[in-house]
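**Q** Sharing a structure, written as structure tokens. Questions coming.
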Amino acid sequence: MIISKWPAAAVCGLVATLAVGLFPPAAAAADEPTGKPAPKVDLVLDVSGSMRTRDIDGQSRMAAAKQAFNEVLDAVPQEVELGIRTLGADYPGKDTKVGCKDTKQLYPVGPLDRTEAKTAVATLAPTGWTPIGPALLGAADDLEGDGDATRRIVLITDGEDTCAPLDPCEVAREIAAKGIHLTIDTLGLVPDDKTRRQLTCIAEATGGTFTSVQHTDELSRRVTQLVDRAADPVVTPVATEGAARCADAPRIKPGLYSDREKFSEHRWYRVDVLPGQELRASVSVGADRAVNQDYGVLLRAVTVHGREIVRGSEAGDGRTDVISSGLRYPKPPLDNEDEVKPAAETVCLQVSNAFSAPASVKTTPGLPVELTVDLVDSPDEPSDLAAFGLGRGWWLLGTLALTGLVAGLLWGWLSRLRLVWRSN
Amino acid sequence: MRITGMFTGSLLAGVLLLGTAGSAVADETPTPTGSSSDGSDTAEAPTEAGTSFRTATAFRPGQRATADGSSGDYLYWVFPADAGQRPTVTAKVTLPESAAARKGATTWQVDVYDGLRRRQPCMYGAQTKALAADARTVELRCTLRTVRAWAEPWSNDPLPGSYYVRLTVLNAQEVDLGLPVRAEIEAATPDKGGASAVGGQLAVPLTPGRTTVSAADDGDGSGTDSGMGDGARLAASGVEPEGGWSSGWWTDRWIWTVAGGVLGALAGIAGYTLARPSRRPAGPSGI
């Protein structure tokens with residue numbers, strides 16, 4: 001049966017080779033003009049009074065930031081749309097209410113004019129408060145538009161937020177939950193413990209990174225790296241919302257999806273699988289806040305009648321960004337494909353998590369979920385555990401040799417017997 | 001008749017050998033010049049790492065991928081492994097002088113996931129290691145089980161496809177996060193031979209499929225139900241091993257089996273020669 005498939009496989013291979021050989025240049029050519037929306041980056045710079053402190057390579061934090069900005073602006077990739085926002089740049093007074101609104105767009109997000117941007121940065125002087133929360137909200141607004149673009153905020157600050165009760169960490173999580181593919185990377189200039197904790201929390205909430213900066217070259221290298229990362233092409237997931245029961249679940253096609261799931265919540269999705277297809281699904285649940293030490297994830301494929309087909313599960317402990325699992329469900333092809341029109345089977349996918357958190361941690365919005373679904377051809381089921389039923393090893397050789405020898409001897413004796421019988 | 005069967009068998013094996021050798025030679029020539037923009041070229045090892053499954057940086061076994069990052073980052077790479085190979089991932093973390101002022105020990109861990117994001121256990125190797133506060137480098141290692149050509153859907157056995165590597169700090173004081181680090185990663189995929197050659201084959205290797213950019217470009221809008229071939233093509237467009245995925249039907253079991261057949265035939269002839277009636281007396285008596 002396998003043998004009969006070889007010619008078909010060869011033809012498929014040939015077609016695939018041809019396709020691979022022919023298509024990429026054409027696809028690339030087709031992509032260039034239309035393209036995906038340009039990735040957007042907003043650099044958010046703290047210009048609060050504390051930036052005057054001279055503790056980075058003998059110069060002030062502000063001078064270090066300016067020098068780094070000059071180097072970064074020179075190295076921004078062509079396709080990235082970059083903007084700059086400041087916080088605490090204007091209001092030197094004591095009024096919290098005014099000081100906490102002090103954030104403004106220094107250079108709008110768009111195609112970059114390096115000289116203009118550099119001039120704008122050169123005018124900055126350390127002045128006011130540190131309203132990180134409002135600045136993040138402002139930056140998220142700066143990056144609005146073009147649904148599918150990847151967005152990145154790079155926050156550079158030397159102190160924690162001074163504008164309670166708006167917790168910048170909550171703000172970051174709210175922004176991330178909007179599903180606009182936004183990541184916040186934070187850089188702390190010689191941060192103290194509180195600042196470090198807050199910046200780590202902001203980064204964690206959006207899947208970003210935190211870096212503690214002690215030297216100017218570290219700052220420029222890191223910011224350049226982050227801007228470059230924004231330029232890396234990446235697939236943006238489609239936002240979807242799973243249901244609490246299979247019957248109400250959204251029908252999804254192969255693709256990449258994002259969703260949110262609260263602690264211990266179940267989310268259901270439905271996929272149609274034809275005979276001869278294999279369903280491949282994987283799920284990642286992100287830990288975007290402080291969670292308890294042990295956690296887990298479970299992905300189940302269930303029939304519409306509630307019978308479990310296959311599951312993927314994973315548990316873990318310690319610091320983590322996501323916990324993932326996956327499953328595959330091959331549906332064998334029909335034997336009499338010509339007579340019956342193949343009907344698709346609806347498979348329900350259930351995603352559940354076993355995260356928990358201390359009571360002080362907010363449970364809304366839910367944890368970020370990333371779900372990938374793919375349908376490919378079914379695999380060849382083997383008729384034998386060994387490849388093509390072939391043998392291997394000295395036992396095999398010995399057995400065959402012995403069998404041959406015994407057969408030869410028997411044949412020889414038989415002919416001798418026959419001779420004797422004939423001669424009689 | 002049996003012998004002629006064996007002859008065709010060995011002929012087949014010979015042709016096979018020639019065929020694979022030929023294709024290997026043919027594959028080697030274009031690689032040095034191949035400098036595609038999709039990051040799967042062999043010329044240079046990547047110097048950046050991804051930060052999630054979706055952005056994982058692809059590298060080939062044998063390459064030494066490097067990345068600069070902050071301690072506390074989750075660094076992701078992805079490499080291909082084919083049936084019959086037993087991948088070993090080696091990661092080395094180096095902290096520069098400037099980050100020497102650490103408060104305590106940090107624990108580093110390397111995790112390997114398959115193309116379906118299922119965590120793969122390590123057979124050998126120190127997957128998790130603590131880096132003492134005054135030490136500057138730590139080396140982690142993880143050897144996976146041998147990749148099988150086929151496995152039941154209910155098993156977690158490694159299958160041909162992409163393998164994700166995640167390198168991260170598992171445990172550290174908050175003070176020690178965010179410091180600059182340099183990570184190096186390598187994968188070796190030695191072939192374990194026919195001992196682990198199993199029957200069956202996946203239609204498409206377990207690659208990330210739609211989460212890679214090259215795949216998703218044409219997958220977003222046209223994901224209709226006619227997309228069976230489409231889906232297969234998409235799923236296959238992960239990073240490939242040098243020389244492509246194996247066709248899955250060559251195994252050294254062919255040689256063993258053919259050799260066994262030949263040996264059996266020879267032993268048969270030998271046995272017959274021993275036991276057959278001697279010709280000398282047979283000649284006259286028969287007449």
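Chain labels follow the order of the structure tokens: the first chain is A, the next B, and so on; residue numbering restarts at 1 in every chain, and ligands are counted from 1 in their shown order.
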Report as a list in words all protein, DNA and RNA residues lying within 8 Å of region 99-104 of chain A, evaluated on only C-alpha atoms, omitting residues in the same chain fewer than 5 positions from it.
**A** Arg85, Thr86, Leu87, Gly88, Ala89, Asp90, Tyr91, Pro92, Gly93, Lys94, Gly128, Trp129, Thr130, Pro131, Pro134, Ala135, Gly138, Thr162 and Cys163 of chain A
**Q** Could you name the residues that touch Val78 (chain B) at 7 Å or less, counting only C-alpha atoms, but leaving out those on the same chain fewer than 3 positions away, as number ranges by chain?
**A** B: 56-59, 162-165
**Q** Would you export the selected residues with C-alpha atoms as an mmCIF file, in the first residue's frame, please?
**A**
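result19.cif, freshly written:
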```cif
data_model
loop_
_atom_site.group_PDB
_atom_site.id
_atom_site.type_symbol
_atom_site.label_atom_id
_atom_site.label_comp_id
_atom_site.auth_asym_id
_atom_site.auth_seq_id
_atom_site.Cartn_x
_atom_site.Cartn_y
_atom_site.Cartn_z
ATOM 1 C CA ALA B 56 12.193 32.896 17.441
ATOM 2 C CA THR B 57 15.374 33.257 15.392
ATOM 3 C CA ALA B 58 16.164 30.345 13.088
ATOM 4 C CA PHE B 59 19.583 28.733 12.993
ATOM 5 C CA SER B 162 11.257 22.594 14.118
ATOM 6 C CA TYR B 163 12.566 22.659 17.641
ATOM 7 C CA TYR B 164 12.363 25.784 19.758
ATOM 8 C CA VAL B 165 15.032 26.567 22.304
#
```
**Q** May I ask which of the residues A:Glu278, A:Asp384, A:Glu218, A:Asp272 is the closest one to Pro180 (chain B), counting only C-alpha atoms?
**A**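 Among the listed residues, A:Glu218 lies closest to Pro180 (chain B).
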**Q** Tell me the residues of chain A close to chain B, meaning within 7 Å using only C-alpha atoms, as a ChimeraX atom specification.
**A** /A:209-212,233-235,253-256,281-282,310,318-319,324-329,374-382,384-388,390-393,396-397,400-409,411-413,415-416,423
**Q** Restricting it to C-alpha atoms, dump the selection as a PDB file, in the first residue's frame.
**A**
```pdb
ATOM      1  CA  THR A 209      11.824  43.304  28.387  1.00  0.00           C
ATOM      2  CA  PHE A 210      13.435  45.226  31.236  1.00  0.00           C
ATOM      3  CA  THR A 211      17.019  46.418  31.149  1.00  0.00           C
ATOM      4  CA  SER A 212      18.968  48.119  33.865  1.00  0.00           C
ATOM      5  CA  PRO A 233       8.670  40.906  10.339  1.00  0.00           C
ATOM      6  CA  VAL A 234       6.270  39.051  12.573  1.00  0.00           C
ATOM      7  CA  VAL A 235       2.855  37.513  12.099  1.00  0.00           C
ATOM      8  CA  LYS A 253      -9.949  28.359  10.301  1.00  0.00           C
ATOM      9  CA  PRO A 254      -6.235  27.585  10.214  1.00  0.00           C
ATOM     10  CA  GLY A 255      -4.365  30.600  11.482  1.00  0.00           C
ATOM     11  CA  LEU A 256      -2.935  32.401  14.461  1.00  0.00           C
ATOM     12  CA  ALA A 281      -3.116  23.022  17.395  1.00  0.00           C
ATOM     13  CA  SER A 282      -0.846  24.626  19.935  1.00  0.00           C
ATOM     14  CA  VAL A 310      -6.527  13.756  22.356  1.00  0.00           C
ATOM     15  CA  GLY A 318       9.392  29.109  38.471  1.00  0.00           C
ATOM     16  CA  ARG A 319       9.740  32.289  36.470  1.00  0.00           C
ATOM     17  CA  SER A 324       2.537  26.018  26.084  1.00  0.00           C
ATOM     18  CA  SER A 325       1.238  22.750  24.877  1.00  0.00           C
ATOM     19  CA  GLY A 326      -0.015  21.300  21.630  1.00  0.00           C
ATOM     20  CA  LEU A 327      -1.815  18.381  20.069  1.00  0.00           C
ATOM     21  CA  ARG A 328      -2.312  16.725  16.731  1.00  0.00           C
ATOM     22  CA  TYR A 329      -5.312  14.777  15.575  1.00  0.00           C
ATOM     23  CA  ASP A 374      -3.167  24.247  11.184  1.00  0.00           C
ATOM     24  CA  LEU A 375      -4.656  21.613   8.909  1.00  0.00           C
ATOM     25  CA  VAL A 376      -2.309  19.413   6.902  1.00  0.00           C
ATOM     26  CA  ASP A 377      -2.559  16.051   5.144  1.00  0.00           C
ATOM     27  CA  SER A 378      -2.863  12.969   7.321  1.00  0.00           C
ATOM     28  CA  PRO A 379       0.309  10.985   7.952  1.00  0.00           C
ATOM     29  CA  ASP A 380       0.966   7.524   6.529  1.00  0.00           C
ATOM     30  CA  GLU A 381      -0.084   5.054   9.162  1.00  0.00           C
ATOM     31  CA  PRO A 382       2.583   2.356   9.382  1.00  0.00           C
ATOM     32  CA  ASP A 384       4.566  -2.280  10.978  1.00  0.00           C
ATOM     33  CA  LEU A 385       6.442  -0.659  13.823  1.00  0.00           C
ATOM     34  CA  ALA A 386       9.774  -0.984  11.971  1.00  0.00           C
ATOM     35  CA  ALA A 387      10.336   1.001   8.805  1.00  0.00           C
ATOM     36  CA  PHE A 388       8.600  -0.944   5.977  1.00  0.00           C
ATOM     37  CA  LEU A 390      12.461  -4.386   7.468  1.00  0.00           C
ATOM     38  CA  GLY A 391      14.813  -6.106   9.879  1.00  0.00           C
ATOM     39  CA  ARG A 392      18.162  -5.179  11.325  1.00  0.00           C
ATOM     40  CA  GLY A 393      20.950  -6.678  13.416  1.00  0.00           C
ATOM     41  CA  LEU A 396      18.328 -11.254  11.794  1.00  0.00           C
ATOM     42  CA  LEU A 397      21.444 -12.222   9.810  1.00  0.00           C
ATOM     43  CA  LEU A 400      18.318 -15.968   7.823  1.00  0.00           C
ATOM     44  CA  ALA A 401      21.664 -17.737   7.365  1.00  0.00           C
ATOM     45  CA  LEU A 402      20.566 -20.646   9.539  1.00  0.00           C
ATOM     46  CA  THR A 403      17.260 -20.914   7.712  1.00  0.00           C
ATOM     47  CA  GLY A 404      19.090 -20.923   4.388  1.00  0.00           C
ATOM     48  CA  LEU A 405      21.512 -23.570   5.588  1.00  0.00           C
ATOM     49  CA  VAL A 406      18.760 -25.835   6.897  1.00  0.00           C
ATOM     50  CA  ALA A 407      16.770 -25.390   3.688  1.00  0.00           C
ATOM     51  CA  GLY A 408      19.854 -26.205   1.593  1.00  0.00           C
ATOM     52  CA  LEU A 409      20.653 -29.301   3.635  1.00  0.00           C
ATOM     53  CA  TRP A 411      16.981 -30.017  -0.304  1.00  0.00           C
ATOM     54  CA  GLY A 412      20.248 -31.892  -0.676  1.00  0.00           C
ATOM     55  CA  TRP A 413      19.002 -34.808   1.391  1.00  0.00           C
ATOM     56  CA  SER A 415      17.502 -35.127  -3.813  1.00  0.00           C
ATOM     57  CA  ARG A 416      19.716 -37.868  -2.388  1.00  0.00           C
ATOM     58  CA  SER A 423      17.684 -46.237  -8.525  1.00  0.00           C
TER      59      SER A 423
END
```
**Q** Using CA of Thr137 (chain B) and CA of Thr107 (chain B) as the two end points, give the distance in Å to one decimal.
**A**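 These atoms are spaced 11.7 Å apart.
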**Q** Run DSSP on the backbone and give me the residues of region 23-189 of chain A it puts in strand (DSSP E or B), as an MDAnalysis selection string.
**A** chainID A and resid 40:46 48 56 59 81:87 103:110 128 151:157 182:189
**Q** Out of region 153-320 of chain A, which residues get helix (DSSP H, G or I) from DSSP, as an MDAnalysis selection string?
**A** chainID A and resid 168:177 193:206 216:231
**Q** Write out the residues from the selection above, keeping N, CA, C and O atoms, as a compact mmCIF listing (two decimals), in the first residue's frame.
**A**
```
# COMPACT_ATOMS: atom_id res chain seq x y z
N PRO A 168 1.02 52.53 36.72
CA PRO A 168 1.46 52.36 35.32
C PRO A 168 1.45 50.90 34.89
O PRO A 168 1.28 50.60 33.71
N CYS A 169 1.61 50.00 35.85
CA CYS A 169 1.62 48.58 35.53
C CYS A 169 0.23 48.14 35.07
O CYS A 169 0.09 47.39 34.09
N GLU A 170 -0.81 48.63 35.77
CA GLU A 170 -2.19 48.34 35.36
C GLU A 170 -2.46 48.96 34.00
O GLU A 170 -3.12 48.35 33.14
N VAL A 171 -1.97 50.19 33.83
CA VAL A 171 -2.16 50.88 32.55
C VAL A 171 -1.59 50.05 31.42
O VAL A 171 -2.24 49.83 30.39
N ALA A 172 -0.37 49.54 31.64
CA ALA A 172 0.29 48.76 30.60
C ALA A 172 -0.53 47.52 30.26
O ALA A 172 -0.71 47.18 29.09
N ARG A 173 -1.08 46.86 31.29
CA ARG A 173 -1.85 45.64 31.04
C ARG A 173 -3.13 45.94 30.27
O ARG A 173 -3.53 45.21 29.39
N GLU A 174 -3.76 47.09 30.64
CA GLU A 174 -4.98 47.50 29.93
C GLU A 174 -4.66 47.74 28.45
O GLU A 174 -5.40 47.32 27.56
N ILE A 175 -3.55 48.43 28.21
CA ILE A 175 -3.18 48.73 26.81
C ILE A 175 -2.94 47.43 26.05
O ILE A 175 -3.41 47.24 24.93
N ALA A 176 -2.23 46.50 26.69
CA ALA A 176 -1.91 45.23 26.03
C ALA A 176 -3.18 44.45 25.73
O ALA A 176 -3.28 43.77 24.71
N ALA A 177 -4.17 44.57 26.63
CA ALA A 177 -5.40 43.79 26.47
C ALA A 177 -6.27 44.30 25.33
O ALA A 177 -7.21 43.63 24.91
N ASP A 193 15.48 49.93 43.79
CA ASP A 193 14.65 48.72 43.89
C ASP A 193 13.21 48.94 43.43
O ASP A 193 12.65 48.13 42.71
N LYS A 194 12.63 50.07 43.88
CA LYS A 194 11.22 50.33 43.57
C LYS A 194 11.04 50.54 42.07
O LYS A 194 10.11 50.00 41.46
N THR A 195 11.94 51.33 41.48
CA THR A 195 11.86 51.59 40.05
C THR A 195 11.98 50.29 39.28
O THR A 195 11.23 50.01 38.34
N ARG A 196 12.95 49.47 39.70
CA ARG A 196 13.19 48.21 39.02
C ARG A 196 11.94 47.34 39.04
O ARG A 196 11.53 46.77 38.03
N ARG A 197 11.30 47.30 40.22
CA ARG A 197 10.11 46.47 40.36
C ARG A 197 9.00 46.96 39.44
O ARG A 197 8.34 46.19 38.76
N GLN A 198 8.82 48.30 39.42
CA GLN A 198 7.75 48.85 38.60
C GLN A 198 8.01 48.64 37.11
O GLN A 198 7.11 48.24 36.37
N LEU A 199 9.24 48.87 36.69
CA LEU A 199 9.56 48.72 35.27
C LEU A 199 9.47 47.25 34.84
O LEU A 199 9.01 46.94 33.74
N THR A 200 9.90 46.36 35.72
CA THR A 200 9.78 44.92 35.41
C THR A 200 8.31 44.56 35.24
O THR A 200 7.94 43.81 34.33
N CYS A 201 7.49 45.10 36.10
CA CYS A 201 6.05 44.80 36.05
C CYS A 201 5.45 45.31 34.74
O CYS A 201 4.66 44.60 34.10
N ILE A 202 5.84 46.52 34.33
CA ILE A 202 5.31 47.07 33.07
C ILE A 202 5.72 46.20 31.90
O ILE A 202 4.90 45.85 31.03
N ALA A 203 7.00 45.81 31.88
CA ALA A 203 7.50 45.00 30.77
C ALA A 203 6.79 43.65 30.73
O ALA A 203 6.36 43.18 29.67
N GLU A 204 6.65 43.04 31.90
CA GLU A 204 6.03 41.72 32.00
C GLU A 204 4.59 41.74 31.51
O GLU A 204 4.13 40.81 30.86
N ALA A 205 3.90 42.84 31.81
CA ALA A 205 2.48 42.94 31.48
C ALA A 205 2.23 42.94 29.98
O ALA A 205 1.14 42.63 29.53
N THR A 206 3.25 43.29 29.19
CA THR A 206 3.04 43.41 27.75
C THR A 206 3.95 42.48 26.96
O THR A 206 4.05 42.57 25.75
N THR A 216 26.49 54.59 29.17
CA THR A 216 25.90 55.19 27.97
C THR A 216 25.84 54.21 26.80
O THR A 216 24.82 54.10 26.12
N ASP A 217 26.97 53.49 26.58
CA ASP A 217 26.97 52.59 25.42
C ASP A 217 25.95 51.47 25.56
O ASP A 217 25.36 51.02 24.59
N GLU A 218 25.72 51.04 26.82
CA GLU A 218 24.68 50.02 27.04
C GLU A 218 23.32 50.56 26.61
O GLU A 218 22.53 49.85 25.98
N LEU A 219 23.08 51.81 26.93
CA LEU A 219 21.79 52.42 26.62
C LEU A 219 21.58 52.48 25.11
O LEU A 219 20.55 52.03 24.59
N SER A 220 22.57 53.01 24.39
CA SER A 220 22.36 53.17 22.95
C SER A 220 22.28 51.81 22.26
O SER A 220 21.47 51.61 21.36
N ARG A 221 23.11 50.85 22.73
CA ARG A 221 23.08 49.54 22.09
C ARG A 221 21.72 48.87 22.29
O ARG A 221 21.14 48.30 21.38
N ARG A 222 21.22 48.97 23.51
CA ARG A 222 19.96 48.31 23.81
C ARG A 222 18.79 48.95 23.06
O ARG A 222 17.95 48.24 22.50
N VAL A 223 18.74 50.28 23.03
CA VAL A 223 17.61 50.93 22.35
C VAL A 223 17.68 50.63 20.85
O VAL A 223 16.65 50.34 20.23
N THR A 224 18.89 50.65 20.28
CA THR A 224 19.02 50.30 18.87
C THR A 224 18.51 48.89 18.62
O THR A 224 17.78 48.63 17.66
N GLN A 225 18.88 47.98 19.51
CA GLN A 225 18.44 46.59 19.37
C GLN A 225 16.91 46.48 19.42
O GLN A 225 16.30 45.77 18.62
N LEU A 226 16.30 47.23 20.33
CA LEU A 226 14.85 47.17 20.47
C LEU A 226 14.15 47.74 19.24
O LEU A 226 13.15 47.20 18.78
N VAL A 227 14.71 48.84 18.70
CA VAL A 227 14.10 49.42 17.50
C VAL A 227 14.25 48.46 16.33
O VAL A 227 13.32 48.27 15.54
N ASP A 228 15.41 47.80 16.24
CA ASP A 228 15.62 46.81 15.18
C ASP A 228 14.62 45.67 15.30
O ASP A 228 14.11 45.15 14.32
N ARG A 229 14.38 45.27 16.55
CA ARG A 229 13.43 44.17 16.77
C ARG A 229 12.05 44.53 16.25
O ARG A 229 11.34 43.68 15.73
N ALA A 230 11.69 45.80 16.39
CA ALA A 230 10.38 46.23 15.90
C ALA A 230 10.29 46.04 14.39
O ALA A 230 9.22 45.80 13.85
N ALA A 231 11.45 46.15 13.72
CA ALA A 231 11.45 46.04 12.26
C ALA A 231 11.37 44.59 11.80
O ALA A 231 11.06 44.34 10.65
```
**Q** Could you name the residues that touch Gly84 (chain B) at 7 Å or less, counting only C-alpha atoms, but leaving out those on the same chain fewer than 5 positions away, as a list of chain:residue names?
**A**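 The neighbour list is B:Thr146, B:Val147, B:Arg148, B:Asp191, B:Lys192, B:Gly193, B:Ser196, B:Ala197.
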**Q** Extract, using only C-alpha atoms, all DNA, RNA and protein residues at most 8 Å from region 54-64 of chain A, discarding same-chain residues fewer than 3 positions from it, and format them as number ranges by chain.
**A** A: 47, 51, 67-68, 125-126, 189-190, 214-216
**Q** Would you mind reading off the distance between CA of Val181 (chain B) and CA of Glu160 (chain A), one decimal, in Å?
**A**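 That distance, rounded to one decimal, is 24.4 Å.
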**Q** Work out how far apart CA of Pro61 (chain B) and CA of Leu144 (chain B) are and give it in Å to one decimal.
**A**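 Taking CA of Pro61 (chain B) as the start and CA of Leu144 (chain B) as the end point, the length is 13.8 Å.
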**Q** Could you pull the residues within 10 Å of Ala343 (chain A), counting only C-alpha atoms, minus those fewer than 6 positions along the same chain, as an mmCIF file with N, CA, C and O atoms, in the first residue's frame?
**A**
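Result written to out-v3.cif:
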```cif
data_model
loop_
_atom_site.group_PDB
_atom_site.id
_atom_site.type_symbol
_atom_site.label_atom_id
_atom_site.label_comp_id
_atom_site.auth_asym_id
_atom_site.auth_seq_id
_atom_site.Cartn_x
_atom_site.Cartn_y
_atom_site.Cartn_z
ATOM 1 N N ASP A 272 -13.209 22.617 11.837
ATOM 2 C CA ASP A 272 -13.721 21.552 10.962
ATOM 3 C C ASP A 272 -12.559 20.786 10.355
ATOM 4 O O ASP A 272 -11.667 21.377 9.754
ATOM 5 N N VAL A 273 -12.601 19.473 10.533
ATOM 6 C CA VAL A 273 -11.530 18.627 10.012
ATOM 7 C C VAL A 273 -12.117 17.620 9.035
ATOM 8 O O VAL A 273 -13.023 16.865 9.376
ATOM 9 N N LEU A 274 -11.593 17.629 7.802
ATOM 10 C CA LEU A 274 -12.053 16.676 6.785
ATOM 11 C C LEU A 274 -11.311 15.362 6.940
ATOM 12 O O LEU A 274 -10.204 15.339 7.468
ATOM 13 N N PRO A 275 -11.903 14.247 6.471
ATOM 14 C CA PRO A 275 -11.147 12.990 6.462
ATOM 15 C C PRO A 275 -9.888 13.176 5.611
ATOM 16 O O PRO A 275 -9.924 13.828 4.573
ATOM 17 N N LEU A 334 -11.106 8.495 4.018
ATOM 18 C CA LEU A 334 -12.204 7.543 3.791
ATOM 19 C C LEU A 334 -11.747 6.461 2.834
ATOM 20 O O LEU A 334 -10.939 6.694 1.944
#
```
**Q** Counting only C-alpha atoms, which residue out of A:Thr372, A:Asn353, A:Gln105, A:Thr53 sits closest to Ala117 (chain A)?
**A**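 The answer is A:Gln105, which sits nearest to Ala117 (chain A).
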